[in-house]
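Coordinates from my_file.cif are shown below (mmCIF, C-alpha atoms).
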```cif
data_input
loop_
_atom_site.label_atom_id
_atom_site.label_comp_id
_atom_site.auth_asym_id
_atom_site.auth_seq_id
_atom_site.Cartn_x
_atom_site.Cartn_y
_atom_site.Cartn_z
CA MET Z 1 52.49 -11.05 -19.32
CA SER Z 2 51.72 -10.83 -22.96
CA ILE Z 3 49.13 -12.82 -24.90
CA SER Z 4 49.92 -14.15 -28.33
CA ARG Z 5 47.52 -13.42 -31.13
CA ARG Z 6 46.61 -17.10 -31.23
CA THR Z 7 45.61 -17.21 -27.54
CA LEU Z 8 43.60 -14.02 -27.84
CA LEU Z 9 41.60 -15.37 -30.78
CA LYS Z 10 40.98 -18.61 -28.91
CA LEU Z 11 39.71 -16.76 -25.83
CA ALA Z 12 37.50 -14.49 -27.94
CA GLY Z 13 36.01 -17.51 -29.65
CA ILE Z 14 35.24 -19.26 -26.37
CA THR Z 15 33.65 -16.10 -24.96
CA ALA Z 16 31.44 -15.63 -28.02
CA LEU Z 17 30.37 -19.26 -27.79
CA GLY Z 18 29.50 -18.87 -24.09
CA VAL Z 19 27.37 -15.78 -24.66
CA THR Z 20 25.47 -17.43 -27.51
CA ALA Z 21 24.92 -20.59 -25.50
CA GLU Z 22 23.46 -18.61 -22.60
CA LYS Z 23 21.10 -16.67 -24.90
CA TYR Z 24 20.00 -19.92 -26.50
CA ALA Z 25 19.45 -21.60 -23.14
CA THR Z 26 17.25 -18.79 -21.77
CA ALA Z 27 15.26 -18.53 -24.99
CA HIS Z 28 14.74 -22.27 -24.98
CA ALA Z 29 13.65 -22.28 -21.34
CA GLY Z 30 11.11 -19.55 -22.15
CA SER Z 31 9.58 -21.53 -24.95
CA THR Z 32 9.31 -24.62 -22.72
CA ALA Z 33 7.47 -22.57 -20.12
CA ALA Z 34 5.14 -21.24 -22.78
CA LYS Z 35 4.47 -24.79 -23.98
CA VAL Z 36 3.61 -25.96 -20.45
CA LEU Z 37 1.37 -22.93 -20.01
CA SER Z 38 -0.50 -23.44 -23.25
CA LYS Z 39 -1.02 -27.09 -22.32
CA ALA Z 40 -2.43 -26.06 -18.96
CA VAL Z 41 -4.99 -23.65 -20.39
CA GLY Z 42 -5.95 -25.81 -23.32
CA ALA Z 43 -4.49 -26.02 -26.77
CA GLY Z 44 -5.55 -23.43 -29.31
CA LYS Z 45 -6.85 -20.98 -26.72
CA ARG Z 46 -5.75 -17.42 -27.32
CA LEU Z 47 -4.83 -15.56 -24.17
CA THR Z 48 -5.39 -11.86 -24.29
CA LYS Z 49 -5.03 -11.08 -20.62
CA SER Z 50 -2.38 -12.32 -18.27
CA SER Z 51 -4.93 -12.63 -15.47
CA VAL Z 52 -7.03 -15.17 -17.33
CA GLN Z 53 -4.72 -17.87 -16.06
CA LYS Z 54 -5.26 -16.87 -12.47
CA LYS Z 55 -8.02 -18.10 -10.22
CA VAL Z 56 -9.05 -14.73 -8.90
CA ARG Z 57 -9.20 -11.45 -10.76
CA LEU Z 58 -11.17 -8.95 -8.74
CA ALA Z 59 -13.32 -6.50 -10.65
CA MET Z 60 -15.97 -3.90 -10.08
CA VAL Z 61 -19.23 -3.39 -11.91
CA VAL Z 62 -20.95 -0.01 -11.59
CA ASP Z 63 -24.53 0.10 -12.79
CA LEU Z 64 -24.95 3.67 -14.00
CA ARG Z 65 -28.67 3.07 -14.52
CA LYS Z 66 -29.01 2.63 -10.78
CA CYS Z 67 -26.46 5.20 -9.62
CA VAL Z 68 -28.03 8.42 -8.36
CA SER Z 69 -24.87 10.46 -7.94
CA ASP Z 70 -26.22 13.16 -10.26
CA GLN Z 71 -29.06 13.64 -7.76
CA GLY Z 72 -26.57 14.64 -5.10
CA CYS Z 73 -25.78 11.24 -3.59
CA THR Z 74 -22.21 11.13 -2.27
CA LYS Z 75 -22.55 8.11 0.04
CA CYS Z 76 -19.75 6.08 -1.56
CA ILE Z 77 -17.40 9.06 -1.60
CA ASP Z 78 -18.17 9.99 2.00
CA ALA Z 79 -17.69 6.46 3.28
CA CYS Z 80 -14.35 6.19 1.52
CA ASN Z 81 -13.07 9.61 2.57
CA ARG Z 82 -13.94 9.04 6.21
CA ALA Z 83 -12.41 5.58 6.48
CA HIS Z 84 -9.23 6.36 4.60
CA ASN Z 85 -8.43 9.67 6.29
CA ILE Z 86 -8.65 11.68 3.10
CA PRO Z 87 -8.02 15.35 3.79
CA ASP Z 88 -10.26 18.16 2.60
CA LEU Z 89 -7.71 20.69 1.39
CA GLY Z 90 -10.37 23.00 0.03
CA ASP Z 91 -8.50 23.51 -3.23
CA SER Z 92 -9.27 21.37 -6.26
CA LYS Z 93 -5.73 21.85 -7.54
CA ASP Z 94 -4.13 19.66 -4.89
CA ALA Z 95 -7.19 17.67 -3.87
CA ILE Z 96 -6.70 14.07 -2.78
CA LYS Z 97 -9.13 11.93 -4.72
CA TRP Z 98 -9.82 8.24 -4.29
CA ILE Z 99 -13.36 8.13 -5.62
CA TRP Z 100 -15.01 11.12 -7.17
CA LYS Z 101 -17.66 12.17 -9.66
CA GLU Z 102 -16.91 12.96 -13.26
CA PRO Z 103 -19.37 14.07 -15.97
CA TYR Z 104 -20.18 11.25 -18.37
CA GLU Z 105 -18.42 12.84 -21.35
CA ASN Z 106 -15.25 13.35 -19.28
CA ALA Z 107 -15.28 9.86 -17.85
CA PHE Z 108 -15.74 8.28 -21.27
CA VAL Z 109 -13.81 10.66 -23.50
CA ASP Z 110 -13.58 8.22 -26.38
CA GLN Z 111 -17.35 7.87 -26.64
CA GLU Z 112 -18.07 11.34 -27.91
CA ASN Z 113 -21.55 11.13 -29.28
CA PHE Z 114 -22.94 14.55 -29.87
CA TYR Z 115 -26.44 13.20 -29.47
CA MET Z 116 -27.01 10.62 -26.82
CA ARG Z 117 -29.61 9.26 -24.47
CA ASP Z 118 -31.04 12.11 -22.41
CA GLU Z 119 -30.41 10.47 -19.06
CA PHE Z 120 -26.69 10.30 -19.82
CA ARG Z 121 -26.33 13.84 -21.08
CA ASN Z 122 -25.61 15.30 -17.65
CA LYS Z 123 -24.88 12.04 -15.91
CA MET Z 124 -22.30 12.10 -13.14
CA VAL Z 125 -20.20 8.95 -13.08
CA PRO Z 126 -18.42 7.70 -9.96
CA VAL Z 127 -14.82 7.09 -11.01
CA PHE Z 128 -11.89 5.65 -9.11
CA CYS Z 129 -8.78 3.58 -9.70
CA ASN Z 130 -9.49 0.98 -12.37
CA ASN Z 131 -6.98 -1.42 -10.83
CA CYS Z 132 -5.94 -2.18 -14.40
CA ASP Z 133 -4.92 -5.61 -15.49
CA ASN Z 134 -2.00 -4.05 -17.33
CA PRO Z 135 -1.22 -1.15 -15.01
CA PRO Z 136 1.12 1.49 -16.46
CA CYS Z 137 1.72 2.94 -12.98
CA VAL Z 138 3.26 -0.34 -11.83
CA GLU Z 139 5.44 -0.40 -14.90
CA VAL Z 140 6.97 3.01 -14.27
CA CYS Z 141 7.35 2.92 -10.48
CA PRO Z 142 11.10 2.96 -9.82
CA THR Z 143 10.85 1.61 -6.26
CA GLN Z 144 8.10 -0.96 -6.76
CA ALA Z 145 6.06 0.99 -4.25
CA THR Z 146 3.06 0.29 -6.42
CA PHE Z 147 2.57 -3.28 -7.49
CA GLN Z 148 -0.09 -5.73 -8.55
CA ARG Z 149 -1.38 -8.29 -6.10
CA PRO Z 150 -2.17 -11.82 -7.26
CA ASP Z 151 -5.89 -11.01 -7.09
CA GLY Z 152 -5.38 -8.05 -9.42
CA ILE Z 153 -5.56 -5.17 -6.97
CA VAL Z 154 -3.00 -2.51 -7.80
CA MET Z 155 -1.59 -1.91 -4.36
CA MET Z 156 0.54 0.82 -2.90
CA ASP Z 157 3.25 0.44 -0.33
CA TRP Z 158 3.42 3.99 0.98
CA HIS Z 159 6.53 3.15 2.96
CA ARG Z 160 8.39 2.81 -0.29
CA CYS Z 161 6.98 5.75 -2.23
CA ILE Z 162 9.59 8.40 -2.90
CA GLY Z 163 7.12 10.84 -4.46
CA CYS Z 164 8.61 10.92 -7.96
CA ARG Z 165 5.07 10.99 -9.45
CA TYR Z 166 5.97 8.89 -12.48
CA CYS Z 167 2.83 6.87 -11.72
CA MET Z 168 0.70 10.00 -11.86
CA ALA Z 169 2.08 10.80 -15.28
CA ALA Z 170 1.51 7.23 -16.42
CA CYS Z 171 -2.07 6.84 -15.18
CA PRO Z 172 -4.49 7.83 -17.96
CA TYR Z 173 -7.40 8.12 -15.52
CA GLY Z 174 -6.03 10.69 -13.08
CA SER Z 175 -6.64 8.21 -10.30
CA ARG Z 176 -3.57 9.19 -8.33
CA SER Z 177 -3.08 12.14 -6.04
CA PHE Z 178 0.03 13.66 -4.57
CA ASN Z 179 0.40 14.98 -1.05
CA TRP Z 180 1.89 18.42 -1.52
CA ARG Z 181 1.73 19.02 2.23
CA ASP Z 182 1.09 17.18 5.46
CA PRO Z 183 -2.54 16.10 5.19
CA ARG Z 184 -3.11 15.58 8.91
CA PRO Z 185 -4.32 19.09 9.84
CA PHE Z 186 -6.92 18.84 7.06
CA ILE Z 187 -8.57 15.64 8.21
CA LYS Z 188 -11.65 16.42 10.22
CA ASP Z 189 -12.02 13.12 12.04
CA ILE Z 190 -8.99 10.86 11.89
CA ASP Z 191 -9.92 7.19 11.79
CA PRO Z 192 -7.18 5.78 14.01
CA ASP Z 193 -7.36 2.39 12.37
CA TYR Z 194 -6.11 3.62 9.01
CA PRO Z 195 -2.82 5.44 8.56
CA THR Z 196 -2.74 8.96 7.24
CA ARG Z 197 -0.19 9.75 4.56
CA MET Z 198 2.70 12.15 4.76
CA LYS Z 199 4.00 14.95 2.59
CA GLY Z 200 5.59 13.72 -0.63
CA VAL Z 201 3.64 10.49 -1.06
CA VAL Z 202 1.29 9.48 -3.86
CA GLU Z 203 -1.97 7.78 -2.97
CA LYS Z 204 -4.96 6.22 -4.67
CA CYS Z 205 -7.90 3.88 -4.24
CA THR Z 206 -6.89 0.27 -3.63
CA TRP Z 207 -10.40 -1.21 -3.59
CA CYS Z 208 -10.14 -1.38 0.20
CA ASP Z 209 -7.40 -4.01 0.16
CA GLU Z 210 -7.44 -4.05 3.97
CA ARG Z 211 -11.12 -5.02 3.96
CA VAL Z 212 -10.76 -7.45 1.08
CA ASP Z 213 -8.06 -9.21 3.11
CA GLN Z 214 -10.60 -9.66 5.87
CA GLY Z 215 -13.19 -11.05 3.50
CA LEU Z 216 -15.21 -7.83 3.42
CA LEU Z 217 -16.44 -5.79 0.46
CA PRO Z 218 -14.98 -2.40 -0.43
CA LEU Z 219 -16.62 0.40 1.52
CA CYS Z 220 -18.13 2.16 -1.50
CA VAL Z 221 -19.87 -1.06 -2.51
CA GLU Z 222 -21.25 -1.43 0.99
CA ALA Z 223 -22.26 2.22 1.30
CA CYS Z 224 -24.19 2.45 -1.99
CA PRO Z 225 -27.89 2.79 -1.13
CA GLU Z 226 -28.92 1.78 -4.66
CA LYS Z 227 -26.70 -1.31 -4.75
CA ALA Z 228 -25.27 0.08 -7.97
CA MET Z 229 -21.78 -1.26 -7.30
CA VAL Z 230 -20.90 -4.94 -7.41
CA PHE Z 231 -17.52 -6.39 -6.57
CA GLY Z 232 -16.29 -9.88 -7.20
CA ASN Z 233 -14.15 -12.41 -8.95
CA LEU Z 234 -14.12 -11.95 -12.70
CA ASN Z 235 -12.58 -15.37 -13.28
CA ASP Z 236 -15.46 -17.18 -11.62
CA PRO Z 237 -18.22 -17.72 -14.20
CA LYS Z 238 -20.81 -17.98 -11.42
CA SER Z 239 -19.89 -14.71 -9.73
CA GLU Z 240 -22.31 -11.80 -9.69
CA VAL Z 241 -19.97 -9.58 -11.71
CA ARG Z 242 -19.79 -12.14 -14.48
CA GLN Z 243 -23.56 -12.60 -14.48
CA LEU Z 244 -24.06 -8.83 -14.78
CA LEU Z 245 -21.53 -8.54 -17.59
CA LYS Z 246 -23.14 -11.44 -19.41
CA ASP Z 247 -26.62 -9.96 -19.31
CA ASN Z 248 -25.85 -6.26 -19.78
CA PHE Z 249 -23.97 -3.96 -22.09
CA SER Z 250 -20.90 -2.58 -20.38
CA VAL Z 251 -18.27 0.05 -21.13
CA ARG Z 252 -14.87 0.72 -19.67
CA ARG Z 253 -12.84 3.90 -19.50
CA LYS Z 254 -10.34 4.37 -22.34
CA PRO Z 255 -10.00 0.67 -23.14
CA GLY Z 256 -8.14 1.55 -26.34
CA LEU Z 257 -5.05 2.42 -24.36
CA GLY Z 258 -4.48 -1.21 -23.54
CA THR Z 259 -4.42 -0.83 -19.78
CA SER Z 260 -7.34 -3.24 -19.45
CA PRO Z 261 -9.25 -1.33 -16.77
CA GLU Z 262 -11.24 -3.57 -14.45
CA VAL Z 263 -14.13 -1.28 -13.62
CA TYR Z 264 -17.09 -2.04 -15.85
CA TYR Z 265 -19.90 0.48 -16.23
CA LEU Z 266 -23.36 -0.74 -17.20
CA VAL Z 267 -25.14 1.86 -19.32
CA MET D 1 61.27 24.41 21.57
CA TYR D 2 60.57 28.03 20.71
CA ASP D 3 57.46 29.71 22.10
CA SER D 4 56.59 26.62 24.14
CA GLY D 5 54.44 28.64 26.50
CA LYS D 6 52.22 29.95 23.71
CA ILE D 7 52.00 26.59 21.98
CA ILE D 8 51.06 24.66 25.11
CA ALA D 9 48.54 27.30 26.14
CA GLY D 10 47.08 27.22 22.60
CA LEU D 11 46.88 23.44 22.66
CA VAL D 12 45.08 23.45 26.00
CA ILE D 13 42.55 25.97 24.71
CA PHE D 14 42.09 24.00 21.48
CA ILE D 15 41.52 20.69 23.27
CA GLY D 16 39.17 22.38 25.67
CA LEU D 17 37.07 23.84 22.85
CA PHE D 18 37.21 20.65 20.81
CA THR D 19 35.85 18.55 23.66
CA SER D 20 33.43 21.20 24.87
CA PRO D 21 30.30 19.23 23.82
CA PHE D 22 31.35 16.46 26.21
CA TRP D 23 31.94 18.92 29.05
CA TYR D 24 28.64 20.59 28.31
CA ASP D 25 26.77 17.28 28.41
CA LEU D 26 28.51 16.22 31.61
CA SER D 27 27.79 19.50 33.35
CA SER D 28 24.15 19.68 32.26
CA GLY D 29 23.56 16.04 33.17
CA THR D 30 21.64 15.15 30.04
CA ALA D 31 24.14 12.52 28.98
CA LEU D 32 23.64 10.63 32.20
CA GLN D 33 19.88 10.53 31.74
CA THR D 34 19.33 6.91 30.81
CA PRO D 35 16.13 5.80 29.07
CA ASP D 36 13.26 5.50 31.48
CA LEU D 37 10.71 3.20 29.94
CA VAL D 38 7.15 3.10 31.16
CA LEU D 39 5.99 -0.42 30.42
CA PRO D 40 2.42 -0.86 29.30
CA THR D 41 -0.07 -2.18 31.80
CA LYS D 42 -2.74 -3.83 29.76
CA ALA D 43 -4.93 -6.30 31.55
CA ASP D 44 -5.51 -8.74 28.70
CA GLN D 45 -2.04 -8.58 27.18
CA LYS D 46 0.88 -9.55 29.36
CA GLU D 47 3.55 -10.50 26.86
CA CYS D 48 5.05 -9.12 23.70
CA VAL D 49 5.14 -10.87 20.32
CA ALA D 50 8.71 -11.99 20.96
CA SER D 51 11.19 -12.27 23.79
CA LEU D 52 12.57 -9.20 25.50
CA GLU D 53 16.10 -9.80 24.21
CA PHE D 54 14.90 -10.19 20.64
CA MET D 55 12.66 -7.17 20.70
CA ARG D 56 15.30 -5.03 22.33
CA ARG D 57 17.79 -5.73 19.58
CA ASP D 58 15.72 -6.59 16.51
CA HIS D 59 12.32 -4.92 16.80
CA MET D 60 13.06 -2.80 13.75
CA ALA D 61 13.83 -5.88 11.65
CA LEU D 62 10.62 -7.53 12.85
CA LEU D 63 8.63 -4.43 11.92
CA ASN D 64 10.21 -4.40 8.47
CA VAL D 65 9.32 -8.05 7.90
CA TRP D 66 5.78 -7.52 9.15
CA ARG D 67 5.38 -4.54 6.86
CA THR D 68 6.47 -6.47 3.80
CA GLU D 69 4.37 -9.50 4.64
CA VAL D 70 1.20 -7.53 5.35
CA VAL D 71 1.43 -5.01 2.53
CA ARG D 72 2.98 -7.14 -0.18
CA ASP D 73 2.37 -10.80 0.65
CA GLY D 74 -1.07 -10.66 2.26
CA ILE D 75 0.00 -12.46 5.43
CA THR D 76 -1.72 -10.84 8.38
CA TYR D 77 -1.12 -13.14 11.34
CA TYR D 78 2.03 -13.86 13.23
CA LYS D 79 2.60 -16.92 15.37
CA SER D 80 4.95 -16.15 18.22
CA ALA D 81 7.54 -18.57 19.60
CA ASN D 82 5.12 -19.83 22.25
CA GLY D 83 2.38 -20.45 19.71
CA LYS D 84 0.28 -17.39 20.40
CA GLU D 85 -1.25 -15.67 17.38
CA PHE D 86 -1.05 -11.95 16.85
CA GLU D 87 -2.53 -9.78 14.18
CA MET D 88 0.40 -8.20 12.35
CA ARG D 89 -0.77 -4.67 12.72
CA TYR D 90 1.48 -1.95 13.98
CA THR D 91 -1.30 0.39 15.00
CA ARG D 92 -3.42 -2.09 16.89
CA THR D 93 -1.04 -4.77 18.05
CA CYS D 94 2.10 -2.75 18.83
CA LEU D 95 0.65 0.61 19.71
CA GLY D 96 -2.34 -1.07 21.33
CA CYS D 97 -0.06 -1.74 24.29
CA HIS D 98 2.69 0.83 23.80
CA ALA D 99 0.17 3.60 23.42
CA ASN D 100 2.31 6.39 24.74
CA THR D 101 5.20 6.38 22.32
CA SER D 102 7.01 9.22 24.08
CA GLN D 103 7.23 7.16 27.25
CA PHE D 104 8.44 4.05 25.47
CA CYS D 105 9.78 4.30 21.92
CA ASP D 106 11.20 7.79 22.17
CA GLN D 107 13.09 7.06 25.36
CA CYS D 108 15.75 4.92 23.68
CA HIS D 109 15.49 6.54 20.25
CA ASN D 110 16.25 9.96 21.70
CA TYR D 111 19.04 8.56 23.86
CA ILE D 112 20.92 7.14 20.88
CA GLY D 113 19.88 9.85 18.47
CA VAL D 114 17.61 7.82 16.19
CA SER D 115 14.73 9.61 14.57
CA VAL D 116 11.90 7.47 13.25
CA TYR D 117 8.93 8.63 11.22
CA CYS D 118 6.44 5.86 12.01
CA TRP D 119 3.94 8.28 13.48
CA ASP D 120 3.92 10.68 10.59
CA CYS D 121 1.34 8.29 9.17
CA HIS D 122 0.45 5.68 11.77
CA ASN D 123 -1.93 6.96 14.38
CA THR D 124 -1.33 6.44 18.05
CA PRO D 125 -3.94 6.85 20.78
CA VAL D 126 -1.97 9.92 21.84
CA SER D 127 -1.74 11.48 18.39
CA VAL D 128 -5.50 11.24 17.87
CA GLY D 129 -6.07 12.60 21.38
CA ALA D 130 -6.07 10.33 24.42
CA GLY D 131 -9.53 9.73 25.80
CA SER D 132 -11.17 10.65 22.51
CA SER D 133 -13.59 8.24 20.93
CA ALA D 134 -10.96 7.53 18.29
CA ALA D 135 -8.45 6.48 20.96
CA LYS D 136 -11.02 4.15 22.47
CA ILE D 137 -11.47 2.44 19.14
CA LEU D 138 -7.76 1.74 19.05
CA ASN D 139 -7.86 0.12 22.45
CA THR D 140 -10.72 -2.24 21.73
CA LYS D 141 -10.38 -5.30 19.61
CA PRO D 142 -12.72 -5.38 16.64
CA GLU D 143 -15.01 -8.28 15.88
CA ILE D 144 -13.44 -8.53 12.46
CA LEU D 145 -10.30 -9.81 14.09
CA ASN D 146 -11.95 -12.97 15.36
CA LYS D 147 -13.76 -13.60 12.11
CA SER D 148 -10.75 -13.43 9.86
CA LYS D 149 -8.68 -15.51 12.24
CA THR D 150 -10.89 -18.54 11.68
CA GLN D 151 -11.14 -17.82 7.99
CA ASN D 152 -7.48 -17.75 7.24
CA ALA D 153 -4.59 -15.53 8.00
CA LYS D 154 -3.69 -15.37 4.35
CA SER D 155 -5.23 -13.14 1.78
CA VAL D 156 -8.76 -13.12 0.56
CA HIS D 157 -7.92 -14.82 -2.69
CA LEU D 158 -7.90 -18.04 -0.74
CA ALA D 159 -11.28 -17.29 0.76
CA LEU D 160 -12.65 -16.28 -2.61
CA GLU D 161 -11.19 -19.36 -4.16
CA ALA D 162 -12.88 -21.54 -1.59
CA ALA D 163 -16.19 -19.75 -2.14
CA SER D 164 -16.09 -20.16 -5.88
CA GLN D 165 -15.46 -23.89 -5.75
#
```
Encoding of this model in structure tokens:
Amino acid sequence: MSISRRTLLKLAGITALGVTAEKYATAHAGSTAAKVLSKAVGAGKRLTKSSVQKKVRLAMVVDLRKCVSDQGCTKCIDACNRAHNIPDLGDSKDAIKWIWKEPYENAFVDQENFYMRDEFRNKMVPVFCNNCDNPPCVEVCPTQATFQRPDGIVMMDWHRCIGCRYCMAACPYGSRSFNWRDPRPFIKDIDPDYPTRMKGVVEKCTWCDERVDQGLLPLCVEACPEKAMVFGNLNDPKSEVRQLLKDNFSVRRKPGLGTSPEVYYLV
Amino acid sequence: MYDSGKIIAGLVIFIGLFTSPFWYDLSSGTALQTPDLVLPTKADQKECVASLEFMRRDHMALLNVWRTEVVRDGITYYKSANGKEFEMRYTRTCLGCHANTSQFCDQCHNYIGVSVYCWDCHNTPVSVGAGSSAAKILNTKPEILNKSKTQNAKSVHLALEAASQ
């Protein structure tokens, strides 16, 4: 079968028209959705964070003025390590870290003041996954093993993790650890309720999603003897986290990168 | 046919070697060893989350759905066909009864040559040491379970939402 030049041109024209129409339709649908959205949140309101529209955005406030981790307190770390079957590999190179201590100047690298308040000079800061509002790890994960829950927690589905470690490269906070070997022999006391991980899987803090699902607070928050950690809904103006942020000066880790970390440190 | 004697003898030897795994299995008796399941005997739990026929054929599909719903969708309770509620938790709910996986799961899996890696991560009362304090924890139901049941099976955002209103 041969096509005449006339038929070919006709077909090409119809195809081009179809493609354009589809592009137009999707673009138009997008703008309608945006209109509905802007109506719902109030005209003229600038939205800077996607989570502002949601009812719940969980966040953590750490009061560094109360935290005594530089005096040797490791209660939050111990509670987390025990409950989540975190192995002690004895080598910092392949250590599994969910919550750990970092010197102030390392935790807040973009706040390099040569002279600063004495109490912060050698301050140890408890750091963990920021459960970012704009998480780069979620963006790069090829299997969607890491994803963001509606309440903002950046979750991990270890069943799906293929160990490519893109997320580790993407995370600017070093919050993710890789299991270079089977962690089981290195766990002193296995908590049977929580799974261990296997070789070749990335893991991180998930703000105790399993406890949050049961209406409980994350373990570190509960374990803190100084009540320096507060956990709650950032989108509720009456919540404790919002009250603390309203009344105190807070900093976040590397906010300039645009990840919108959701751990606020009161200094 | 030329050299028929050699060819037929060669064929017999070839077929014999080719089918030797079958003869080996038959002679050693391992092929005839059918799965021998030891059913759990738990006083307070007499039935499974679904019918025997369903579980026998589709337990892996059920586990996949449970996994997705718990990890990704925040749904933690399962209502069985007869209206009974179960916490969707492999370690407690499934392995709570089928504690000895080698006497139950492995029996069929080994028979049909399926290798699963559930227990590389999920703890069983046997893997943490039967009779240890850890194993006892697995066999007792936590108080949390009753609390969250009344609250809501779904995720905490609902609970938080209710609290903030």
* Residues selected by the PyMOL selection byres ((chain Z) within 9 of (chain D)), written as a PyMOL selection string -> chain Z and resi 55-57+147+149-151+155-157+159+182+184+189-198+212-216+232-233+236-239
* Return as number ranges by chain the set of residues that the PyMOL selection byres ((chain D and resi 81) around 12) yields on the displayed structure. => D: 47-51, 54, 78-80, 82-86
* Report the residues retrieved by the PyMOL selection byres ((chain Z and resi 261) around 7) from the displayed file, expressed as a PyMOL selection string. => chain Z and resi 130-133+252-253+255+259-260+262-263
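Going from atom CA of Ala12 of chain Z over to atom CA of Tyr24 of chain Z, you cover 18.4 Å.
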* Would you work out the distance separating atom CA of Gln148 of chain Z from atom CA of Cys80 of chain Z, expressed in Å to one decimal? =>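 We find that atom CA of Gln148 of chain Z and atom CA of Cys80 of chain Z lie 21.1 Å from each other.
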* Please provide the set of residues having any atom within 10 Å of Thr101 of chain D, restricted to only C-alpha atoms, with same-chain residues fewer than 2 positions apart removed, written as a list in words. => Leu37, Val38, Leu95, Cys97, His98, Ala99, Gln103, Phe104, Cys105, Asp106, Gln107, Trp119, Thr124, Pro125, Val126 and Ser127 of chain D
Put those residues in a file: C-alpha atoms, as a short mmCIF file (atom, residue, chain, number, x, y, z; two decimals), in the frame of the given file.
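Generated file (part.cif):
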```
data_model
loop_
_atom_site.label_atom_id
_atom_site.label_comp_id
_atom_site.auth_asym_id
_atom_site.auth_seq_id
_atom_site.Cartn_x
_atom_site.Cartn_y
_atom_site.Cartn_z
CA LEU D 37 10.71 3.20 29.94
CA VAL D 38 7.15 3.10 31.16
CA LEU D 95 0.65 0.61 19.71
CA CYS D 97 -0.06 -1.74 24.29
CA HIS D 98 2.69 0.83 23.80
CA ALA D 99 0.17 3.60 23.42
CA GLN D 103 7.23 7.16 27.25
CA PHE D 104 8.44 4.05 25.47
CA CYS D 105 9.78 4.30 21.92
CA ASP D 106 11.20 7.79 22.17
CA GLN D 107 13.09 7.06 25.36
CA TRP D 119 3.94 8.28 13.48
CA THR D 124 -1.33 6.44 18.05
CA PRO D 125 -3.94 6.85 20.78
CA VAL D 126 -1.97 9.92 21.84
CA SER D 127 -1.74 11.48 18.39
#
```
